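Participant: What follows is the file start_35.tsv, containing TSV, C-alpha atoms and all ligand atoms:
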```tsv
chain	number	residue	atom	x	y	z
X	548	MET	CA	-12.93	7.03	-18.36
X	549	ASN	CA	-15.52	4.22	-18.54
X	550	ALA	CA	-18.84	5.58	-17.37
X	551	ILE	CA	-21.42	3.15	-16.06
X	552	GLN	CA	-24.79	3.26	-17.85
X	553	LYS	CA	-27.83	4.01	-15.66
X	554	ASP	CA	-29.53	0.66	-16.38
X	555	GLU	CA	-26.30	-1.21	-15.53
X	556	TRP	CA	-27.02	-0.60	-11.82
X	557	LYS	CA	-29.62	-3.40	-11.86
X	558	ASN	CA	-26.71	-5.80	-12.46
X	559	ILE	CA	-24.84	-4.64	-9.37
X	560	THR	CA	-25.81	-5.84	-5.89
X	561	ILE	CA	-24.01	-4.02	-3.08
X	562	GLU	CA	-23.66	-5.68	0.35
X	563	GLU	CA	-25.18	-3.77	3.27
X	564	GLU	CA	-22.25	-3.92	5.69
X	565	PRO	CA	-19.09	-1.99	4.72
X	566	ILE	CA	-15.77	-3.88	4.69
X	567	GLY	CA	-13.77	-0.74	5.34
X	568	CYS	CA	-14.13	2.89	6.20
X	569	GLY	CA	-11.80	5.63	4.97
X	570	THR	CA	-11.47	9.39	5.34
X	571	PHE	CA	-13.77	10.09	2.41
X	572	GLY	CA	-16.26	7.23	2.43
X	573	GLU	CA	-17.10	3.59	3.05
X	574	VAL	CA	-16.06	0.56	1.02
X	575	TYR	CA	-18.43	-2.37	0.29
X	576	THR	CA	-18.20	-5.62	-1.63
X	577	ALA	CA	-20.63	-6.06	-4.51
X	578	LEU	CA	-21.59	-8.64	-7.10
X	579	TRP	CA	-21.47	-7.34	-10.68
X	580	LYS	CA	-23.21	-9.51	-13.28
X	581	THR	CA	-21.27	-8.74	-16.45
X	582	GLU	CA	-21.52	-10.28	-19.94
X	583	LYS	CA	-18.44	-12.37	-19.11
X	584	GLY	CA	-20.07	-13.70	-15.92
X	585	PRO	CA	-20.47	-12.50	-12.32
X	586	LYS	CA	-17.53	-10.93	-10.52
X	587	ILE	CA	-16.98	-9.63	-7.01
X	588	ILE	CA	-15.90	-6.02	-6.94
X	589	ALA	CA	-15.34	-3.32	-4.31
X	590	VAL	CA	-17.55	-0.23	-4.28
X	591	LYS	CA	-16.60	2.98	-2.53
X	592	ARG	CA	-19.39	5.40	-1.59
X	593	TYR	CA	-17.99	8.90	-1.07
X	594	ARG	CA	-19.44	11.23	1.53
X	595	SER	CA	-19.03	14.35	-0.60
X	596	TYR	CA	-18.16	15.61	-4.06
X	597	TYR	CA	-14.89	17.00	-2.70
X	598	SER	CA	-13.15	13.95	-4.15
X	599	ILE	CA	-14.49	14.16	-7.68
X	600	LYS	CA	-11.86	16.47	-9.24
X	601	SER	CA	-8.86	14.54	-7.98
X	602	LYS	CA	-10.53	11.24	-8.83
X	603	LEU	CA	-11.20	12.40	-12.40
X	604	THR	CA	-7.52	13.33	-12.71
X	605	ILE	CA	-6.50	9.83	-11.60
X	606	TYR	CA	-8.89	8.25	-14.12
X	607	SER	CA	-7.64	10.48	-16.94
X	608	LEU	CA	-4.11	9.14	-16.36
X	609	GLN	CA	-5.30	5.56	-17.15
X	610	LEU	CA	-2.71	3.92	-14.93
X	611	LYS	CA	-2.31	0.20	-15.63
X	612	HIS	CA	0.26	-1.82	-13.72
X	613	ASP	CA	0.46	-5.20	-11.96
X	614	HIS	CA	0.93	-3.45	-8.60
X	615	ILE	CA	-1.63	-0.66	-8.92
X	616	LEU	CA	-5.26	-1.36	-7.93
X	617	LYS	CA	-7.57	-1.43	-10.97
X	618	LEU	CA	-10.24	1.25	-10.97
X	619	TYR	CA	-13.28	0.44	-13.16
X	620	CYS	CA	-15.38	3.57	-13.16
X	621	LEU	CA	-16.88	6.50	-11.28
X	622	SER	CA	-20.60	7.15	-11.14
X	623	ILE	CA	-23.39	8.88	-9.21
X	624	ASP	CA	-25.98	6.74	-7.41
X	625	ASP	CA	-29.70	7.40	-6.92
X	626	ASN	CA	-28.94	9.36	-3.73
X	627	ARG	CA	-26.56	11.60	-5.73
X	628	ARG	CA	-23.49	10.20	-4.04
X	629	LEU	CA	-20.20	9.69	-5.86
X	630	ILE	CA	-19.56	5.97	-6.30
X	631	GLU	CA	-16.42	4.21	-7.41
X	632	LEU	CA	-16.21	0.67	-8.74
X	633	MET	CA	-12.86	-1.07	-8.37
X	634	GLU	CA	-11.08	-4.39	-8.15
X	635	TYR	CA	-11.78	-6.28	-4.90
X	636	ALA	CA	-8.79	-7.25	-2.77
X	637	ASP	CA	-9.86	-10.57	-1.22
X	638	CYS	CA	-7.03	-10.62	1.37
X	639	GLY	CA	-7.65	-7.12	2.78
X	640	ASN	CA	-4.97	-4.56	3.52
X	641	LEU	CA	-1.29	-5.01	4.42
X	642	TYR	CA	-1.69	-3.35	7.84
X	643	SER	CA	-3.97	-6.20	8.97
X	644	ALA	CA	-1.77	-8.91	7.42
X	645	VAL	CA	1.29	-7.57	9.25
X	646	HIS	CA	-0.26	-6.88	12.66
X	647	ASP	CA	-2.94	-9.56	12.86
X	648	CYS	CA	-0.86	-12.60	13.79
X	649	THR	CA	-3.71	-15.08	13.21
X	650	VAL	CA	-3.10	-15.44	9.46
X	651	ASN	CA	-1.19	-18.75	9.39
X	652	ILE	CA	-0.46	-18.73	5.69
X	653	VAL	CA	1.49	-15.49	6.29
X	654	ASN	CA	3.06	-16.45	9.64
X	655	ASN	CA	4.60	-19.65	8.28
X	656	LYS	CA	6.62	-17.82	5.62
X	657	TYR	CA	6.71	-14.30	7.00
X	658	GLU	CA	10.16	-13.29	5.70
X	659	THR	CA	9.35	-14.39	2.15
X	660	PHE	CA	5.97	-12.64	2.20
X	661	SER	CA	7.30	-9.42	3.71
X	662	LEU	CA	10.12	-9.06	1.16
X	663	MET	CA	7.78	-9.86	-1.73
X	664	TRP	CA	5.16	-7.33	-0.56
X	665	MET	CA	7.72	-4.56	-0.25
X	666	LEU	CA	9.15	-5.44	-3.67
X	667	HIS	CA	5.65	-5.16	-5.19
X	668	CYS	CA	5.12	-1.85	-3.40
X	669	ALA	CA	8.47	-0.50	-4.70
X	670	LYS	CA	7.60	-1.59	-8.25
X	671	GLY	CA	4.19	0.09	-8.05
X	672	LEU	CA	5.71	3.30	-6.67
X	673	LYS	CA	8.46	3.27	-9.29
X	674	PHE	CA	5.77	2.99	-11.97
X	675	LEU	CA	3.90	6.00	-10.51
X	676	HIS	CA	7.10	8.04	-10.20
X	677	ASP	CA	8.09	7.17	-13.79
X	678	GLN	CA	4.80	8.82	-14.85
X	679	ASN	CA	5.66	11.82	-12.63
X	680	ILE	CA	2.92	10.95	-10.19
X	681	ILE	CA	3.30	11.26	-6.41
X	682	HIS	CA	1.07	9.24	-4.08
X	683	ARG	CA	1.51	11.52	-1.01
X	684	ASP	CA	-0.32	9.21	1.42
X	685	ILE	CA	1.18	5.79	0.97
X	686	ASN	CA	0.78	3.65	4.09
X	687	THR	CA	0.12	-0.01	4.89
X	688	ARG	CA	-3.69	0.48	4.85
X	689	LYS	CA	-3.43	1.64	1.22
X	690	LEU	CA	-1.61	-1.53	0.16
X	691	LEU	CA	-4.11	-4.24	-0.73
X	692	LEU	CA	-3.53	-7.98	-0.97
X	693	PHE	CA	-4.72	-10.62	-3.45
X	694	ASN	CA	-4.05	-14.18	-4.53
X	695	LYS	CA	-3.56	-15.83	-1.08
X	696	TYR	CA	-1.52	-12.81	0.10
X	697	GLN	CA	0.95	-13.26	-2.76
X	698	THR	CA	0.18	-10.10	-4.74
X	699	LEU	CA	0.19	-6.54	-3.45
X	700	LYS	CA	-1.35	-3.54	-5.20
X	701	ILE	CA	-1.29	0.15	-4.29
X	702	SER	CA	-4.66	1.81	-3.88
X	703	LEU	CA	-4.79	5.33	-5.34
X	704	SER	CA	-6.43	7.85	-3.03
X	705	GLN	CA	-7.45	11.47	-3.60
X	706	THR	CA	-3.98	12.58	-2.53
X	707	VAL	CA	-2.40	11.30	-5.78
X	708	ARG	CA	-1.11	14.19	-7.94
X	709	THR	CA	1.15	14.82	-10.91
X	710	GLU	CA	4.48	16.30	-9.83
X	711	SER	CA	3.91	19.58	-11.70
X	712	THR	CA	1.01	20.48	-9.38
X	713	VAL	CA	1.77	22.89	-6.54
X	714	MET	CA	1.20	20.90	-3.36
X	715	THR	CA	1.83	22.55	-0.03
X	716	GLU	CA	-1.48	21.74	1.72
X	717	ILE	CA	-0.64	19.03	4.24
X	718	VAL	CA	-2.28	15.70	3.39
X	719	GLY	CA	-1.28	12.20	4.44
X	720	THR	CA	-0.90	10.09	7.54
X	721	PHE	CA	1.43	11.59	10.16
X	722	VAL	CA	3.40	8.50	11.18
X	723	TYR	CA	4.43	7.95	7.54
X	724	MET	CA	4.93	11.65	6.67
X	725	ALA	CA	8.27	13.17	5.67
X	726	PRO	CA	9.55	16.02	7.90
X	727	LYS	CA	9.67	18.56	5.03
X	728	ILE	CA	5.94	17.98	4.44
X	729	MET	CA	5.22	18.53	8.14
X	730	GLU	CA	6.98	21.89	7.68
X	731	GLY	CA	4.60	22.75	4.83
X	732	MET	CA	7.11	22.39	1.97
X	733	GLN	CA	6.17	21.37	-1.58
X	734	TYR	CA	5.58	17.62	-2.09
X	735	THR	CA	8.11	15.82	-4.29
X	736	LYS	CA	8.57	12.14	-5.14
X	737	LYS	CA	11.02	11.96	-2.23
X	738	CYS	CA	8.13	12.17	0.27
X	739	ASP	CA	6.91	8.75	-0.94
X	740	PHE	CA	10.42	7.33	-0.32
X	741	PHE	CA	10.23	8.46	3.31
X	742	SER	CA	6.87	6.72	3.73
X	743	TYR	CA	8.34	3.65	2.03
X	744	GLY	CA	11.14	3.58	4.65
X	745	ILE	CA	8.62	3.70	7.52
X	746	MET	CA	6.50	0.96	5.89
X	747	LEU	CA	9.56	-1.21	5.26
X	748	TRP	CA	10.47	-0.88	8.95
X	749	GLU	CA	6.85	-1.69	9.95
X	750	VAL	CA	6.66	-4.78	7.75
X	751	MET	CA	10.14	-6.04	8.67
X	752	SER	CA	9.63	-5.49	12.42
X	753	ARG	CA	5.92	-6.39	12.64
X	754	LYS	CA	5.51	-3.38	14.95
X	755	LYS	CA	3.44	-0.23	14.57
X	756	PRO	CA	5.47	2.94	13.86
X	757	PHE	CA	6.19	4.86	17.08
X	758	TYR	CA	4.39	2.18	19.16
X	759	ASP	CA	6.78	2.98	22.02
X	760	MET	CA	5.98	6.71	22.23
X	761	ARG	CA	4.05	7.64	25.34
X	762	GLU	CA	2.04	10.39	23.64
X	763	HIS	CA	0.77	8.95	20.37
X	764	HIS	CA	-1.11	11.95	18.96
X	765	SER	CA	-0.20	13.62	15.64
X	766	PHE	CA	1.49	16.72	17.13
X	767	ALA	CA	3.73	14.68	19.42
X	768	ILE	CA	4.79	12.49	16.49
X	769	CYS	CA	5.43	15.54	14.26
X	770	ARG	CA	7.56	17.18	16.94
X	771	LYS	CA	9.65	14.04	17.44
X	772	VAL	CA	10.10	13.35	13.71
X	773	LEU	CA	11.19	16.96	13.16
X	774	GLN	CA	13.71	16.51	15.99
X	775	GLY	CA	15.09	13.50	14.09
X	776	LEU	CA	13.38	10.63	15.95
X	777	ARG	CA	12.66	7.51	13.87
X	778	PRO	CA	11.39	4.02	14.79
X	779	ASN	CA	14.04	1.79	16.40
X	780	ILE	CA	16.01	0.15	13.57
X	781	ASN	CA	16.97	-2.74	15.87
X	782	ASP	CA	13.32	-3.85	15.90
X	783	VAL	CA	13.83	-5.14	12.33
X	784	ILE	CA	13.71	-8.94	12.47
X	785	ASP	CA	16.99	-10.71	11.83
X	786	ILE	CA	17.07	-12.28	8.42
X	787	GLN	CA	20.13	-13.29	6.44
X	788	ASN	CA	22.15	-10.13	5.62
X	789	SER	CA	19.41	-7.91	7.04
X	790	ASP	CA	22.02	-5.16	7.51
X	791	GLU	CA	21.50	-4.06	3.91
X	792	ILE	CA	17.74	-3.77	4.54
X	793	LYS	CA	18.44	-1.72	7.69
X	794	ILE	CA	20.73	0.61	5.71
X	795	LEU	CA	18.03	0.94	3.04
X	796	ILE	CA	15.42	1.87	5.67
X	797	THR	CA	17.63	4.52	7.28
X	798	LYS	CA	18.48	6.00	3.86
X	799	CYS	CA	14.77	6.17	2.94
X	800	TRP	CA	13.82	8.04	6.11
X	801	ASP	CA	16.80	10.44	6.06
X	802	ALA	CA	15.67	13.99	6.89
X	803	ASP	CA	17.54	15.22	3.79
X	804	PRO	CA	15.44	14.19	0.74
X	805	GLN	CA	18.56	14.20	-1.46
X	806	LYS	CA	20.10	11.41	0.62
X	807	ARG	CA	17.16	9.08	0.03
X	808	PRO	CA	17.76	6.36	-2.60
X	809	SER	CA	16.10	6.24	-6.01
X	810	MET	CA	13.23	3.79	-6.60
X	811	GLU	CA	15.51	1.87	-9.04
X	812	GLU	CA	17.91	1.25	-6.14
X	813	VAL	CA	15.08	0.19	-3.84
X	814	VAL	CA	13.62	-2.19	-6.44
X	815	ALA	CA	17.08	-3.70	-7.10
X	816	ILE	CA	17.74	-4.40	-3.41
X	817	MET	CA	14.26	-5.79	-2.75
X	818	GLU	CA	14.46	-7.92	-5.90
X	819	LYS	CA	17.74	-9.43	-4.72
X	820	TYR	CA	16.33	-10.33	-1.28
X	821	SER	CA	12.99	-11.64	-2.56
X	822	PHE	CA	14.79	-13.85	-5.09
X	823	TYR	CA	17.16	-15.12	-2.43
X	824	TYR	CA	14.34	-16.01	-0.02
X	825	GLU	CA	12.00	-17.48	-2.61
X	826	ASN	CA	14.67	-19.66	-4.21
X	827	GLY	CA	16.57	-20.28	-1.00
X	828	ASN	CA	13.42	-21.82	0.49
X	829	GLN	CA	12.74	-23.92	-2.59
X	830	ILE	CA	16.33	-25.22	-2.62
X	831	LEU	CA	16.07	-25.96	1.12
X	832	ASN	CA	12.83	-27.94	0.59
X	833	ILE	CA	14.35	-29.95	-2.25
X	834	MET	CA	17.39	-30.72	-0.07
X	835	LYS	CA	15.13	-31.78	2.83
X	836	LYS	CA	13.27	-34.16	0.46
X	837	ILE	CA	16.57	-35.62	-0.85
X	838	ILE	CA	17.80	-36.16	2.74
X	839	THR	CA	14.49	-37.88	3.66
X	840	ILE	CA	14.67	-40.14	0.58
X	841	CYS	CA	18.34	-40.95	1.30
X	842	THR	CA	17.61	-41.94	4.90
X	843	PHE	CA	14.93	-44.38	3.64
X	844	ILE	CA	17.25	-46.03	1.09
I	1	LIG	N1	-10.64	-2.46	-3.40
I	1	LIG	C1	-10.71	-2.88	-2.15
I	1	LIG	N2	-10.82	-4.19	-1.87
I	1	LIG	C2	-10.89	-4.63	-0.59
I	1	LIG	N3	-10.85	-3.82	0.49
I	1	LIG	C3	-10.74	-2.51	0.26
I	1	LIG	C4	-10.66	-1.96	-1.05
I	1	LIG	N4	-10.55	-0.62	-0.96
I	1	LIG	C5	-10.55	-0.34	0.35
I	1	LIG	N5	-10.67	-1.46	1.09
I	1	LIG	C6	-10.69	-1.55	2.57
I	1	LIG	O1	-11.33	-0.41	3.10
I	1	LIG	C7	-10.40	0.33	3.91
I	1	LIG	C8	-10.68	1.82	3.71
I	1	LIG	O2	-10.41	2.12	2.35
I	1	LIG	P1	-10.34	3.58	1.79
I	1	LIG	O3	-9.79	3.57	0.42
I	1	LIG	O4	-11.66	4.23	1.98
I	1	LIG	O5	-9.32	4.16	2.85
I	1	LIG	P2	-8.51	5.44	3.01
I	1	LIG	O6	-7.12	4.94	3.14
I	1	LIG	O7	-8.98	6.29	4.15
I	1	LIG	O8	-8.70	6.19	1.64
I	1	LIG	P3	-9.00	7.69	1.39
I	1	LIG	O9	-8.02	8.45	2.24
I	1	LIG	O10	-8.77	7.82	-0.06
I	1	LIG	O11	-10.44	7.87	1.80
I	1	LIG	C9	-9.02	-0.12	3.44
I	1	LIG	O12	-8.03	0.03	4.44
I	1	LIG	C10	-9.26	-1.56	3.09
I	1	LIG	O13	-9.16	-2.38	4.22
```
Output the file's structure as structure tokens, nothing else.
Ligand SMILES: Nc1ncnc2c1ncn2[C@@H]1O[C@H](COP(=O)(O)OP(=O)(O)OP(=O)(O)O)[C@@H](O)[C@H]1O

Facilitator:
Amino acid sequence: MNAIQKDEWKNITIEEEPIGCGTFGEVYTALWKTEKGPKIIAVKRYRSYYSIKSKLTIYSLQLKHDHILKLYCLSIDDNRRLIELMEYADCGNLYSAVHDCTVNIVNNKYETFSLMWMLHCAKGLKFLHDQNIIHRDINTRKLLLFNKYQTLKISLSQTVRTESTVMTEIVGTFVYMAPKIMEGMQYTKKCDFFSYGIMLWEVMSRKKPFYDMREHHSFAICRKVLQGLRPNINDVIDIQNSDEIKILITKCWDADPQKRPSMEEVVAIMEKYSFYYENGNQILNIMKKIITICTFI
């Protein structure tokens, strides 16, 4: 792990107002004057040392992937608080991009964006699973956006563990949590697939999971999910051949973990759709231009 030298702190200026607040601490933007020039980074200030062991495990794994958020280093500040320096996501989290309908760049090409985001998420998760790592709390607030909303990366929280670890303590966010985990069973990779299914529904419907439940507290959601209730699949927006996406969602959130698809399958389906939409749109634009030119001739 790269440790930050004590005198390096003078090169880092942290903003006063946090940009986000999580379970374990607050996140700020900061300017880091490095030898290669200044760069904007994100800094997380933890409230306690509780996080340090799991964070050190994550760092020791040295995970590098296009769809995993880059972590630079961990340190202790002058007030003896655990500090983490990481890549700054200039477009915020996916939850806001999906539910805040004021982002025009996203609204104008929503289908293309949504399929691309969920492809990136599947690729990132597949990478983690290939290393035998389980995220355990993947949700749309943990998916961060870059590059004019065109790149998505998974943020690694304290919940991330290697599969060999015994994990029966319940962690995670209830609306995205697999029923077996609610029952206190051991976490396996399959719990991330369940969360993926809920997120895919959320992104493809632009609705919040269980938005239509009268009682929206954790216990009510747990009870309903254990009884087999899932978000309404018909909320998924109609795109060309969206039936395959709907089948994928229902397979991912199946109560039986064995019936959930593999991440290879998920990546293959999402790749097919993203390619279709990306290229379909380009072909459509070229055709529109040809038609315009022809009408002028
Ligand atoms: N690297 C980053 N770049 C930009 N914004 C970030 C970054 N990390 C976090 N944020 C913002 O801050 C919010 C809170 O992040 P944080 O990681 O603390 O949340 P969390 O999901 O509760 O994590 P944890 O459960 O590990 O504490 C995120 O939803 C996001 O909007």

Participant: So which one's closest to His667 of chain X, X:Ile784, X:Ala767, X:Ile701, X:Ile685? Using only C-alpha atoms, please.

Facilitator: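 Residue with the minimum atom-to-atom distance to His667 of chain X: X:Ile701.
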
Participant: Just checking: using all atoms listed in the file, which residue out of X:Gly584, X:Gly639, X:Gly671, X:Gly744 ends up closest to Met724 of chain X?

Facilitator: X:Gly744

Participant: Show which residues sit within 7 Å of Phe693 of chain X, as number ranges by chain. Count all atoms listed in the file, and ignore same-chain residues fewer than 6 positions away.

Facilitator: X: 636-638, 699

Participant: Would you mind reading off the distance between atom CA of Ile561 of chain X and atom CA of Lys689 of chain X, one decimal, in Å?

Facilitator: 21.8 Å

Participant: Give me the box for ligand LIG 1 (chain I) as AutoDock Vina command-line options, namely the centre and edge lengths in Å to one decimal of a box along x, y and z that holds every listed atom plus 6 Å on each side.

Facilitator:
```
--center_x -9.4 --center_y 1.9 --center_z 0.5 --size_x 16.5 --size_y 25.1 --size_z 19.8
```

Participant: Could you check how far atom CA of Asp739 of chain X sits from atom CA of Ile652 of chain X, in Å to one decimal?

Facilitator: 29.2 Å

Participant: Given the choices X:Val707, X:Ile786, X:Cys769, X:Ile559, which gets closest to Lys600 of chain X if the distance is worked out from all atoms listed in the file?

Facilitator: X:Val707

Participant: Can you pull out every residue within 12 Å of segment 624-634 of chain X, counting only C-alpha atoms, but drop anything in the same chain fewer than 4 positions away, and send it as a VMD selection string?

Facilitator: chain X and resid 548 to 557 559 to 561 571 to 579 586 to 600 602 to 603 606 615 to 620 639 691 to 693 700 to 704

Participant: Go ahead and write the residues just picked, C-alpha atoms, as a PDB file, in the frame of the given file.

Facilitator:
```pdb
ATOM      1  CA  MET X 548     -12.930   7.030 -18.360  1.00  0.00           C
ATOM      2  CA  ASN X 549     -15.520   4.220 -18.540  1.00  0.00           C
ATOM      3  CA  ALA X 550     -18.840   5.580 -17.370  1.00  0.00           C
ATOM      4  CA  ILE X 551     -21.420   3.150 -16.060  1.00  0.00           C
ATOM      5  CA  GLN X 552     -24.790   3.260 -17.850  1.00  0.00           C
ATOM      6  CA  LYS X 553     -27.830   4.010 -15.660  1.00  0.00           C
ATOM      7  CA  ASP X 554     -29.530   0.660 -16.380  1.00  0.00           C
ATOM      8  CA  GLU X 555     -26.300  -1.210 -15.530  1.00  0.00           C
ATOM      9  CA  TRP X 556     -27.020  -0.600 -11.820  1.00  0.00           C
ATOM     10  CA  LYS X 557     -29.620  -3.400 -11.860  1.00  0.00           C
ATOM     11  CA  ILE X 559     -24.840  -4.640  -9.370  1.00  0.00           C
ATOM     12  CA  THR X 560     -25.810  -5.840  -5.890  1.00  0.00           C
ATOM     13  CA  ILE X 561     -24.010  -4.020  -3.080  1.00  0.00           C
ATOM     14  CA  PHE X 571     -13.770  10.090   2.410  1.00  0.00           C
ATOM     15  CA  GLY X 572     -16.260   7.230   2.430  1.00  0.00           C
ATOM     16  CA  GLU X 573     -17.100   3.590   3.050  1.00  0.00           C
ATOM     17  CA  VAL X 574     -16.060   0.560   1.020  1.00  0.00           C
ATOM     18  CA  TYR X 575     -18.430  -2.370   0.290  1.00  0.00           C
ATOM     19  CA  THR X 576     -18.200  -5.620  -1.630  1.00  0.00           C
ATOM     20  CA  ALA X 577     -20.630  -6.060  -4.510  1.00  0.00           C
ATOM     21  CA  LEU X 578     -21.590  -8.640  -7.100  1.00  0.00           C
ATOM     22  CA  TRP X 579     -21.470  -7.340 -10.680  1.00  0.00           C
ATOM     23  CA  LYS X 586     -17.530 -10.930 -10.520  1.00  0.00           C
ATOM     24  CA  ILE X 587     -16.980  -9.630  -7.010  1.00  0.00           C
ATOM     25  CA  ILE X 588     -15.900  -6.020  -6.940  1.00  0.00           C
ATOM     26  CA  ALA X 589     -15.340  -3.320  -4.310  1.00  0.00           C
ATOM     27  CA  VAL X 590     -17.550  -0.230  -4.280  1.00  0.00           C
ATOM     28  CA  LYS X 591     -16.600   2.980  -2.530  1.00  0.00           C
ATOM     29  CA  ARG X 592     -19.390   5.400  -1.590  1.00  0.00           C
ATOM     30  CA  TYR X 593     -17.990   8.900  -1.070  1.00  0.00           C
ATOM     31  CA  ARG X 594     -19.440  11.230   1.530  1.00  0.00           C
ATOM     32  CA  SER X 595     -19.030  14.350  -0.600  1.00  0.00           C
ATOM     33  CA  TYR X 596     -18.160  15.610  -4.060  1.00  0.00           C
ATOM     34  CA  TYR X 597     -14.890  17.000  -2.700  1.00  0.00           C
ATOM     35  CA  SER X 598     -13.150  13.950  -4.150  1.00  0.00           C
ATOM     36  CA  ILE X 599     -14.490  14.160  -7.680  1.00  0.00           C
ATOM     37  CA  LYS X 600     -11.860  16.470  -9.240  1.00  0.00           C
ATOM     38  CA  LYS X 602     -10.530  11.240  -8.830  1.00  0.00           C
ATOM     39  CA  LEU X 603     -11.200  12.400 -12.400  1.00  0.00           C
ATOM     40  CA  TYR X 606      -8.890   8.250 -14.120  1.00  0.00           C
ATOM     41  CA  ILE X 615      -1.630  -0.660  -8.920  1.00  0.00           C
ATOM     42  CA  LEU X 616      -5.260  -1.360  -7.930  1.00  0.00           C
ATOM     43  CA  LYS X 617      -7.570  -1.430 -10.970  1.00  0.00           C
ATOM     44  CA  LEU X 618     -10.240   1.250 -10.970  1.00  0.00           C
ATOM     45  CA  TYR X 619     -13.280   0.440 -13.160  1.00  0.00           C
ATOM     46  CA  CYS X 620     -15.380   3.570 -13.160  1.00  0.00           C
ATOM     47  CA  GLY X 639      -7.650  -7.120   2.780  1.00  0.00           C
ATOM     48  CA  LEU X 691      -4.110  -4.240  -0.730  1.00  0.00           C
ATOM     49  CA  LEU X 692      -3.530  -7.980  -0.970  1.00  0.00           C
ATOM     50  CA  PHE X 693      -4.720 -10.620  -3.450  1.00  0.00           C
ATOM     51  CA  LYS X 700      -1.350  -3.540  -5.200  1.00  0.00           C
ATOM     52  CA  ILE X 701      -1.290   0.150  -4.290  1.00  0.00           C
ATOM     53  CA  SER X 702      -4.660   1.810  -3.880  1.00  0.00           C
ATOM     54  CA  LEU X 703      -4.790   5.330  -5.340  1.00  0.00           C
ATOM     55  CA  SER X 704      -6.430   7.850  -3.030  1.00  0.00           C
TER      56      SER X 704
END
```

Participant: Report as a VMD selection string all protein, DNA and RNA residues lying within 12 Å of Ile728 of chain X, evaluated on all atoms listed in the file, omitting residues in the same chain fewer than 2 positions from it.

Facilitator: chain X and resid 683 to 684 714 to 726 730 to 739 741 to 742 769 772 to 773 802 to 804

Participant: Taking all atoms listed in the file into account, which of X:Tyr758, X:Asn655, X:Leu672, X:Cys841 comes nearest Val813 of chain X?

Facilitator: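 The answer is X:Leu672, which sits nearest to Val813 of chain X.
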
Participant: What gap, in Å, lies between atom O2 of ligand LIG 1 (chain I) and atom CA of Ile605 of chain X?

Facilitator: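 For atom O2 of ligand LIG 1 (chain I) relative to atom CA of Ile605 of chain X, the distance reads 16.4 Å.
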
Participant: Within 9 Å of segment 787-797 of chain X, counting only C-alpha atoms, which residues show up once you throw out same-chain ones fewer than 4 positions away? Write them as a PyMOL selection string, please.

Facilitator: chain X and resi 741+743-748+751+777+780-781+783+801+807-808+813+816-817+820
